[in-house]
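Colleague: I'm passing along input_23.txt; it holds compact mmCIF, C-alpha atoms.
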# COMPACT_ATOMS: atom_id res chain seq x y z
CA MET A 1 88.28 88.64 100.00
CA ALA A 2 91.51 90.59 99.84
CA ARG A 3 91.86 93.69 102.00
CA ILE A 4 94.27 96.59 102.22
CA PHE A 5 94.79 97.18 105.94
CA ALA A 6 97.62 99.70 106.04
CA GLY A 7 99.93 101.86 103.99
CA LEU A 8 103.56 102.78 104.45
CA SER A 9 105.58 105.60 102.94
CA THR A 10 109.34 105.89 102.82
CA SER A 11 112.14 107.52 100.89
CA HIS A 12 114.24 105.14 98.79
CA VAL A 13 117.67 106.82 98.62
CA PRO A 14 120.29 104.52 96.99
CA ALA A 15 122.95 105.44 99.58
CA ILE A 16 120.70 103.85 102.24
CA GLY A 17 120.88 100.56 100.36
CA ALA A 18 124.65 100.87 100.13
CA ALA A 19 124.86 101.59 103.88
CA ILE A 20 122.87 98.41 104.61
CA ASP A 21 124.78 96.27 102.12
CA LEU A 22 128.18 97.47 103.38
CA GLY A 23 127.29 97.14 107.07
CA LYS A 24 127.47 100.87 107.87
CA THR A 25 124.12 101.23 109.63
CA THR A 26 125.65 101.85 113.09
CA GLN A 27 128.04 104.56 111.90
CA PRO A 28 127.28 107.99 113.41
CA TYR A 29 126.07 109.40 110.07
CA TRP A 30 123.54 106.59 109.51
CA LYS A 31 122.57 105.49 113.01
CA PRO A 32 119.82 108.10 113.65
CA LEU A 33 118.28 107.34 110.25
CA PHE A 34 118.04 103.60 110.84
CA ALA A 35 116.75 104.19 114.38
CA GLY A 36 113.70 105.70 112.69
CA TYR A 37 112.82 102.26 111.27
CA GLU A 38 113.19 100.15 114.43
CA PHE A 39 109.50 100.46 115.31
CA THR A 40 108.55 99.52 111.76
CA LYS A 41 110.71 96.41 111.70
CA GLU A 42 108.91 95.14 114.82
CA TRP A 43 105.47 96.27 113.66
CA ILE A 44 105.74 94.44 110.34
CA LYS A 45 106.38 91.12 112.14
CA ASP A 46 102.84 91.28 113.54
CA ALA A 47 101.24 93.01 110.59
CA LYS A 48 102.53 90.31 108.22
CA PRO A 49 101.17 91.45 104.88
CA ASP A 50 100.78 88.62 102.38
CA VAL A 51 101.26 91.01 99.48
CA VAL A 52 102.79 94.48 99.19
CA ILE A 53 101.86 96.67 96.23
CA LEU A 54 105.06 98.68 96.04
CA VAL A 55 104.81 102.04 94.31
CA TYR A 56 108.23 103.31 93.25
CA ASN A 57 110.05 104.78 90.32
CA ASP A 58 112.64 103.24 88.06
CA HIS A 59 115.85 105.28 87.75
CA ALA A 60 116.95 104.50 84.19
CA SER A 61 117.39 100.82 85.07
CA ALA A 62 114.50 98.83 83.55
CA PHE A 63 113.36 101.71 81.33
CA SER A 64 115.65 103.79 79.16
CA LEU A 65 114.29 106.62 77.01
CA GLU A 66 113.06 104.04 74.49
CA LEU A 67 109.90 103.45 76.48
CA ILE A 68 108.53 105.64 79.28
CA PRO A 69 105.35 104.18 80.79
CA THR A 70 103.58 106.50 83.20
CA PHE A 71 102.34 103.54 85.26
CA ALA A 72 103.79 100.03 84.79
CA LEU A 73 102.36 97.15 86.82
CA GLY A 74 104.66 94.18 87.42
CA CYS A 75 102.71 91.01 86.64
CA ALA A 76 105.62 88.54 86.53
CA PRO A 77 106.25 85.67 89.01
CA GLU A 78 109.56 87.28 89.98
CA PHE A 79 111.67 90.37 89.49
CA ALA A 80 115.46 90.42 89.58
CA PRO A 81 117.36 93.19 91.38
CA ALA A 82 118.80 95.43 88.64
CA ASP A 83 122.48 96.02 87.93
CA GLU A 84 122.45 99.80 88.12
CA GLY A 85 125.98 100.18 86.83
CA TRP A 86 127.86 99.06 89.93
CA GLY A 87 126.46 95.50 90.21
CA ALA A 88 123.07 94.37 91.53
CA ARG A 89 122.34 94.83 95.25
CA PRO A 90 122.93 91.60 97.22
CA VAL A 91 119.25 91.18 98.07
CA PRO A 92 116.81 88.32 97.42
CA VAL A 93 114.92 88.04 94.16
CA VAL A 94 111.52 89.73 94.52
CA LYS A 95 108.64 87.26 94.25
CA GLY A 96 105.54 88.64 92.60
CA HIS A 97 101.89 87.69 92.93
CA PRO A 98 100.94 87.15 89.28
CA GLU A 99 97.33 86.15 90.05
CA LEU A 100 96.50 89.27 92.06
CA ALA A 101 98.54 91.39 89.62
CA ALA A 102 96.52 90.06 86.68
CA HIS A 103 93.32 90.82 88.56
CA LEU A 104 94.56 94.34 89.33
CA ALA A 105 95.52 94.95 85.70
CA GLN A 106 92.13 93.86 84.45
CA SER A 107 90.14 95.72 87.11
CA LEU A 108 92.14 98.93 86.83
CA ILE A 109 92.00 99.11 83.05
CA LEU A 110 88.23 98.56 83.07
CA ASP A 111 88.10 101.25 85.78
CA GLU A 112 89.76 103.56 83.18
CA PHE A 113 93.32 103.53 84.55
CA ASP A 114 95.27 102.45 81.49
CA LEU A 115 98.32 100.79 82.99
CA THR A 116 101.23 99.28 81.12
CA ILE A 117 101.65 95.60 81.93
CA ALA A 118 105.25 94.58 82.63
CA ASN A 119 105.91 90.85 82.38
CA LYS A 120 109.67 91.33 82.59
CA MET A 121 111.12 94.10 84.68
CA ASP A 122 114.28 94.29 86.77
CA VAL A 123 113.75 96.31 89.93
CA ASP A 124 116.25 98.89 91.14
CA HIS A 125 116.97 100.60 94.47
CA GLY A 126 113.63 102.41 94.26
CA LEU A 127 111.93 99.11 95.08
CA THR A 128 114.57 97.19 97.03
CA VAL A 129 115.66 99.93 99.47
CA PRO A 130 112.16 100.21 101.02
CA LEU A 131 112.06 96.40 101.43
CA SER A 132 115.47 96.47 103.13
CA LEU A 133 114.40 99.29 105.46
CA VAL A 134 111.29 97.40 106.54
CA TYR A 135 112.51 93.77 106.51
CA GLY A 136 116.27 94.07 107.04
CA GLN A 137 118.45 91.43 105.39
CA PRO A 138 116.45 88.16 105.19
CA GLN A 139 117.32 85.18 102.97
CA GLU A 140 113.94 85.58 101.25
CA TRP A 141 111.55 88.54 101.36
CA PRO A 142 108.70 87.46 103.67
CA CYS A 143 105.95 88.78 101.40
CA ARG A 144 104.96 88.78 97.76
CA VAL A 145 105.49 92.10 95.99
CA ILE A 146 103.60 93.65 93.09
CA PRO A 147 105.77 96.46 91.70
CA LEU A 148 104.00 99.56 90.40
CA ALA A 149 106.56 101.69 88.59
CA VAL A 150 105.63 105.35 88.10
CA ASN A 151 107.46 107.63 85.68
CA VAL A 152 108.90 110.56 87.60
CA VAL A 153 112.11 110.81 85.56
CA GLN A 154 110.78 112.61 82.52
CA TYR A 155 108.52 115.55 83.34
CA PRO A 156 105.61 115.55 83.79
CA PRO A 157 104.89 112.67 86.13
CA PRO A 158 101.21 111.89 86.69
CA THR A 159 99.55 114.58 88.82
CA GLY A 160 99.03 114.08 92.53
CA ASN A 161 95.30 113.99 91.90
CA ARG A 162 95.67 111.21 89.34
CA CYS A 163 97.80 109.27 91.78
CA LEU A 164 95.28 109.66 94.61
CA ASN A 165 92.51 108.45 92.31
CA LEU A 166 94.59 105.51 91.11
CA GLY A 167 95.04 104.55 94.75
CA LYS A 168 91.27 104.57 95.22
CA ALA A 169 90.89 102.35 92.17
CA ILE A 170 93.53 99.97 93.55
CA ARG A 171 91.48 99.66 96.74
CA ARG A 172 88.36 98.77 94.71
CA ALA A 173 90.35 96.27 92.66
CA VAL A 174 91.90 94.57 95.70
CA GLU A 175 88.55 94.35 97.47
CA SER A 176 87.04 92.56 94.48
CA TYR A 177 89.64 89.78 94.64
CA PRO A 178 88.06 86.65 96.15
CA GLU A 179 91.05 85.15 97.99
CA ASP A 180 91.64 86.21 101.60
CA LEU A 181 94.84 88.21 101.42
CA ARG A 182 96.27 90.87 103.71
CA VAL A 183 97.58 93.59 101.45
CA MET A 184 99.66 96.69 102.10
CA VAL A 185 100.58 99.51 99.76
CA PHE A 186 103.99 101.17 100.03
CA GLY A 187 104.36 104.66 98.54
CA THR A 188 108.03 105.50 98.14
CA GLY A 189 110.35 108.30 97.04
CA GLY A 190 110.98 111.88 98.15
CA MET A 191 111.00 113.84 100.25
CA SER A 192 112.46 117.19 99.17
CA HIS A 193 115.67 116.85 97.17
CA GLN A 194 117.38 118.12 94.07
CA LEU A 195 120.23 116.15 92.53
CA HIS A 196 121.32 118.33 89.64
CA GLY A 197 122.42 121.83 88.79
CA LEU A 198 123.45 124.85 90.84
CA ARG A 199 120.50 124.41 93.22
CA ALA A 200 121.37 120.79 94.13
CA GLY A 201 121.00 120.07 97.83
CA LEU A 202 117.70 121.90 98.26
CA ILE A 203 115.78 120.71 101.33
CA ASN A 204 112.43 122.15 102.43
CA LYS A 205 111.47 120.93 105.90
CA GLU A 206 108.35 123.08 106.08
CA PHE A 207 107.03 121.74 102.78
CA ASP A 208 107.82 118.14 103.72
CA ASN A 209 106.14 118.30 107.11
CA ARG A 210 103.06 120.02 105.72
CA PHE A 211 102.92 117.36 103.03
CA MET A 212 102.97 114.63 105.69
CA ASP A 213 100.17 116.42 107.58
CA PHE A 214 98.12 116.59 104.39
CA VAL A 215 98.74 112.95 103.48
CA ILE A 216 97.40 111.86 106.87
CA ASP A 217 94.34 114.08 107.30
CA ALA A 218 93.73 116.04 104.10
CA PRO A 219 94.90 114.00 101.11
CA GLU A 220 92.82 116.10 98.73
CA LYS A 221 94.97 119.11 99.72
CA ALA A 222 98.13 117.17 98.93
CA ALA A 223 96.56 116.07 95.64
CA ALA A 224 95.95 119.72 94.71
CA ILE A 225 99.67 120.62 94.83
CA ARG A 226 100.61 121.61 91.30
CA PRO A 227 103.63 120.05 89.55
CA VAL A 228 105.51 123.38 89.41
CA GLU A 229 105.04 123.78 93.15
CA TYR A 230 106.81 120.48 93.84
CA LEU A 231 109.67 121.51 91.55
CA ARG A 232 110.07 124.96 93.11
CA GLU A 233 109.46 124.06 96.75
CA ALA A 234 110.67 120.47 97.09
CA GLY A 235 113.38 120.40 94.40
CA SER A 236 113.29 118.92 90.93
CA GLU A 237 113.41 115.35 92.29
CA GLY A 238 111.02 116.07 95.17
CA ILE A 239 108.16 115.59 92.73
CA GLU A 240 108.54 111.86 93.47
CA LEU A 241 106.22 112.57 96.40
CA VAL A 242 103.20 112.11 94.13
CA MET A 243 103.79 108.38 94.59
CA TRP A 244 102.85 108.64 98.27
CA LEU A 245 99.37 109.63 97.15
CA ILE A 246 98.76 106.30 95.42
CA MET A 247 99.36 104.66 98.81
CA ARG A 248 97.08 107.17 100.52
CA GLY A 249 94.27 106.76 98.00
CA ALA A 250 94.22 103.02 98.63
CA LEU A 251 93.36 103.56 102.32
CA HIS A 252 90.14 104.60 104.02
CA GLU A 253 89.17 108.25 104.21
CA ARG A 254 90.17 108.29 107.88
CA VAL A 255 93.50 106.79 108.90
CA ARG A 256 95.60 106.58 112.02
CA CYS A 257 99.28 107.51 111.73
CA ILE A 258 101.13 105.08 114.00
CA LYS A 259 104.64 106.03 112.93
CA ARG A 260 106.02 109.28 111.58
CA PHE A 261 109.70 109.96 111.05
CA TYR A 262 111.65 112.72 109.32
CA HIS A 263 115.40 113.01 109.01
CA VAL A 264 117.87 115.20 107.12
CA PRO A 265 120.11 114.24 105.41
CA ALA A 266 120.24 110.92 103.66
CA SER A 267 122.99 111.80 101.19
CA ASN A 268 121.29 114.60 99.17
CA THR A 269 117.77 113.95 100.39
CA ALA A 270 115.27 114.61 103.17
CA LEU A 271 113.99 111.25 104.37
CA GLY A 272 110.38 110.76 105.41
CA HIS A 273 108.61 107.64 106.65
CA MET A 274 105.08 106.95 107.89
CA ILE A 275 102.79 104.02 108.65
CA LEU A 276 99.08 104.67 108.23
CA GLU A 277 96.43 102.21 109.42
CA ASN A 278 92.84 102.23 108.33
CA GLU A 279 90.66 103.65 111.09
CA VAL A 280 88.30 100.90 112.21
CA MET A 281 84.93 102.43 113.11
CA HIS A 282 82.72 100.94 115.79
CA GLY A 283 80.03 98.79 114.31
CA GLN A 284 82.10 97.85 111.26
CA MET K 11 111.11 126.25 69.20
CA ARG K 12 110.82 125.64 72.91
CA GLU K 13 107.56 126.78 74.50
CA PRO K 14 107.93 128.83 77.70
CA GLN K 15 107.08 126.80 80.82
CA ASP K 16 105.96 127.80 84.30
CA TYR K 17 109.10 126.19 85.77
CA ASP K 18 111.59 128.12 83.62
CA ASP K 19 112.10 130.74 86.36
CA ILE K 20 113.32 128.24 88.98
CA PRO K 21 117.01 129.07 89.44
CA GLY K 22 119.78 126.52 88.96
CA THR K 23 117.29 123.92 87.77
CA ILE K 24 116.78 122.33 84.36
CA VAL K 25 113.59 120.31 84.29
CA PHE K 26 113.94 117.15 82.19
CA ASP K 27 110.84 117.56 80.09
CA ALA K 28 109.88 116.13 76.69
CA ASP K 29 111.92 118.77 74.81
CA ARG K 30 115.07 118.08 76.85
CA SER K 31 114.47 114.36 76.53
CA ARG K 32 114.35 114.68 72.74
CA GLN K 33 117.47 116.87 72.72
CA GLY K 34 119.36 114.49 75.01
CA TYR K 35 118.07 111.23 73.60
CA TRP K 36 121.37 109.80 72.33
CA LEU K 37 123.43 111.29 75.15
CA ASN K 38 121.20 109.47 77.64
CA GLN K 39 121.06 106.28 75.59
CA PHE K 40 124.86 106.26 75.48
CA CYS K 41 124.81 106.52 79.29
CA MET K 42 122.42 103.57 79.42
CA SER K 43 124.93 101.43 77.49
CA LEU K 44 127.35 101.77 80.44
CA MET K 45 125.17 99.46 82.54
CA ASN K 46 126.96 96.63 80.76
CA ALA K 47 130.46 95.79 82.05
CA ALA K 48 131.91 95.09 78.58
CA ASN K 49 130.66 98.46 77.33
CA ARG K 50 132.13 100.20 80.37
CA ALA K 51 135.53 98.65 79.56
CA ALA K 52 135.26 99.69 75.91
CA PHE K 53 134.36 103.25 76.90
CA LYS K 54 137.22 103.48 79.40
CA GLY K 55 139.65 102.10 76.80
CA ASP K 56 138.81 104.72 74.17
CA GLU K 57 136.31 107.32 75.33
CA ALA K 58 136.34 109.50 72.20
CA GLY K 59 136.13 106.49 69.91
CA TYR K 60 133.25 104.97 71.89
CA LEU K 61 131.35 108.28 71.84
CA ASN K 62 131.76 108.56 68.08
CA ASP K 63 129.55 105.49 67.69
CA TRP K 64 126.61 107.40 69.16
CA ALA K 65 124.53 109.99 67.29
CA MET K 66 125.38 112.72 69.76
CA THR K 67 126.28 116.33 68.96
CA PRO K 68 129.97 117.35 69.16
CA GLU K 69 129.06 119.55 72.16
CA GLN K 70 127.51 116.59 73.97
CA ARG K 71 130.57 114.43 73.26
CA GLN K 72 132.92 117.13 74.51
CA ALA K 73 130.88 117.65 77.68
CA VAL K 74 131.15 113.90 78.42
CA LEU K 75 134.91 113.90 77.82
CA ASP K 76 135.24 116.97 80.07
CA ARG K 77 132.90 115.44 82.71
CA ASP K 78 131.15 118.82 82.64
CA TRP K 79 127.96 117.73 84.41
CA ASN K 80 126.11 121.05 84.26
CA ARG K 81 126.87 121.26 80.53
CA MET K 82 125.59 117.72 79.95
CA ILE K 83 122.41 118.64 81.81
CA ALA K 84 122.05 121.79 79.71
CA LEU K 85 122.42 119.66 76.56
CA GLY K 86 119.59 117.31 77.50
CA GLY K 87 121.29 114.91 79.90
CA ASN K 88 119.26 113.54 82.78
CA ILE K 89 120.92 113.04 86.16
CA TYR K 90 119.81 109.39 86.53
CA PHE K 91 121.33 108.58 83.16
CA LEU K 92 124.49 110.62 83.81
CA ALA K 93 124.81 108.56 87.01
CA LYS K 94 125.93 105.65 84.80
CA ILE K 95 128.97 107.73 83.73
CA PHE K 96 129.94 108.91 87.20
CA SER K 97 129.32 105.48 88.73
CA SER K 98 131.74 103.99 86.24
CA ASP K 99 134.17 106.76 87.32
CA GLY K 100 133.66 105.62 90.93
CA LYS K 101 131.89 108.83 91.96
CA SER K 102 128.76 109.19 94.10
CA PHE K 103 125.71 111.40 93.64
CA GLN K 104 126.96 113.60 96.45
CA GLN K 105 130.41 114.02 94.94
CA VAL K 106 128.88 115.06 91.63
CA ALA K 107 126.37 117.36 93.35
CA ALA K 108 129.33 119.12 94.99
CA ILE K 109 130.95 119.60 91.57
CA MET K 110 127.71 120.86 90.00
CA THR K 111 127.21 123.43 92.76
CA VAL K 112 130.82 124.64 92.42
CA SER K 113 131.51 123.53 95.97
CA THR K 114 133.90 121.07 97.57
CA GLN K 115 132.77 117.65 98.68
CA GLU K 116 133.46 118.56 102.32
CA ALA K 117 131.57 121.86 102.14
CA TYR K 118 128.64 120.29 100.31
CA ALA K 119 128.41 117.35 102.75
CA GLN K 120 128.54 119.82 105.64
CA MET K 121 125.74 121.89 104.08
CA MET K 122 123.57 118.76 103.88
CA ILE K 123 124.32 117.78 107.49
CA ALA K 124 123.36 121.32 108.52
CA GLY K 125 119.93 120.83 106.91
CA GLY K 126 120.55 121.34 103.21
CA ARG K 127 120.05 124.35 100.96
CA HIS K 128 117.16 126.39 102.37
CA PRO K 129 114.42 127.27 99.86
CA ASP K 130 114.34 130.95 100.91
CA GLY K 131 116.08 132.98 98.22
CA ASN K 132 116.23 129.92 95.95
CA ARG K 133 112.74 129.78 94.47
CA TYR K 134 112.93 132.32 91.64
CA GLN K 135 115.63 133.34 89.18
CA SER K 136 114.90 136.97 90.10
CA GLU K 137 116.10 136.25 93.65
CA TRP K 138 119.42 134.99 92.32
CA ASP K 139 119.73 137.96 89.94
CA ALA K 140 119.12 140.40 92.82
CA LYS K 141 121.77 138.62 94.92
CA ARG K 142 124.24 139.03 92.09
CA THR K 143 123.46 142.74 91.68
CA ASN K 144 123.84 143.42 95.41
CA ASP K 145 126.98 141.34 95.75
CA PRO K 146 129.05 141.13 92.59
CA GLU K 147 131.08 138.30 94.16
CA ALA K 148 128.00 136.06 94.62
CA GLY K 149 127.41 133.34 92.12
CA LYS K 150 130.98 133.35 90.83
Represent the structure of the file as structure tokens.
Modeller:
Amino acid sequence: MARIFAGLSTSHVPAIGAAIDLGKTTQPYWKPLFAGYEFTKEWIKDAKPDVVILVYNDHASAFSLELIPTFALGCAPEFAPADEGWGARPVPVVKGHPELAAHLAQSLILDEFDLTIANKMDVDHGLTVPLSLVYGQPQEWPCRVIPLAVNVVQYPPPTGNRCLNLGKAIRRAVESYPEDLRVMVFGTGGMSHQLHGLRAGLINKEFDNRFMDFVIDAPEKAAAIRPVEYLREAGSEGIELVMWLIMRGALHERVRCIKRFYHVPASNTALGHMILENEVMHGQ
Amino acid sequence: MREPQDYDDIPGTIVFDADRSRQGYWLNQFCMSLMNAANRAAFKGDEAGYLNDWAMTPEQRQAVLDRDWNRMIALGGNIYFLAKIFSSDGKSFQQVAAIMTVSTQEAYAQMMIAGGRHPDGNRYQSEWDAKRTNDPEAGK
């Protein structure tokens, strides 16, 4: 049967993708940021997930204001990198896992999470920057990817609590899939940042680090953070952090944090990154 | 009429909620059209003419022509949609953030390197109002 063995969280700032694509990763501004992913790039070679369920948000690329799904699950065989207005990123096409995705869609909807099914969806930097940070610049991505797009552009996004519970439902759905697959969930976005208005540039290190603490050991506390609190404390775009809770919900109650990294700034944003492994109890 | 919201007292912040989305619908949909290279060329060739084809208000059209980002946001624009305009102008998020905060690109970039804008004093509109009362030069 399929199993989720670990989760990973990371910011998905577009400027990071540009730095990778333009070969700027060793420049003084970017070097310390990319150093924070060196462990991860080695770790993933051994971890070798067959499938990554990648939770991210679309930034007015696949979805305009015509259609705003709160949760959209990518069920297609492949997903093209989006042209976001300056040409598509030079990264491989993202291969899906339509069989597992179909199983997830069916299980989750019967479990009362009414997802939108996306059979055609271009994927923007929200999805491809995390893959680049973890896998570098391969000819093909070494895993299948099931995109889960969450609306965080038009307020309100789903609550943190809803996201945590969706994660738990994703775990149940994956574990009821008969094929032996090693699955990871990536929760992306955040951390604190505000991109618009007179308060742009807001960064809240205390909030971000407490949020990371909560995600590891007290996810129900993170899930209780109210939407207005994200907006006020973490900036209007910091509310993307709810997506980390889908990743967390998909893991066991107890997890081990094997990588934790925080860096300011990545352009306008505080960057956070963690790897959480399911705690394996004796006798299991 | 717009219902009062619990986030209305966050200073310098306009939350893109369902009301703003409705107000800014055509402004944002115009922005979306700039993801296509041919449309970008048409817009650059005749900005006012291109804007006239969209069901935007005269204020929204003027704000686009003026590249008045804060005004576009106030009129229902969303930053991820407005990014299509400034990308086609060759500007980055950070350059536009500097303009929106009435800063220079150098000063804004330096603020971010120094750790960003601290939340203290920036959570409530009342904190900004008090700053303005105590220092008439602040916020100008």
Colleague: Could you pull the residues within 9 Å of Ala107 (chain K), counting only C-alpha atoms, minus those fewer than 6 positions along the same chain, as a count of residues only?
Modeller: 10
Colleague: Select residues of chain A: the criterion is any atom within 7 Å of an atom of chain K, counting all atoms listed in the file; output as a PyMOL selection string.
Modeller: chain A and resi 59-60+64-65+83-86+154-156+195-204+228+232-233+236+264-265+267-268
Colleague: One number please: CA of Gly235 (chain A) to CA of Ala72 (chain A), in Å, one decimal.
Modeller: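 Taking CA of Gly235 (chain A) as the start and CA of Ala72 (chain A) as the end point, the length is 24.5 Å.
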Colleague: Tell me, as a count of residues only, which residues lie within 9 Å of Leu85 (chain K), counting all atoms listed in the file; anything in the same chain fewer than 6 positions away does not count.
Modeller: 7
Colleague: In Å, with one decimal, what is the gap from CA of His125 (chain A) to CA of Leu8 (chain A)?
Modeller: 16.9 Å
Colleague: Using only C-alpha atoms, pick whichever of K:Val74, K:Ala140, K:Met82, K:Ala58 has the shortest atom-to-atom distance to Asp99 (chain K).
Modeller: K:Val74
Colleague: Can you tell me which residues surround Leu251 (chain A) at a distance of at most 12 Å, considering all atoms listed in the file, apart from same-chain residues fewer than 2 positions away, and format the answer as a VMD selection string?
Modeller: chain A and resid 3 to 8 164 to 172 174 to 175 183 to 187 215 to 217 219 244 to 249 253 to 257 275 to 280
Colleague: List every protein, DNA or RNA residue that has at least one atom no more than 7 Å from (106.9, 93.2, 102.2) in the file's coordinates, counting all atoms listed in the file, and write the result as a VMD selection string.
Modeller: chain A and resid 49 51 to 52 131 141 to 145
Colleague: Grab the CA of Thr188 (chain A) to CA of Pro98 (chain A) distance for me, in Å with one decimal place.
Modeller: 21.6 Å
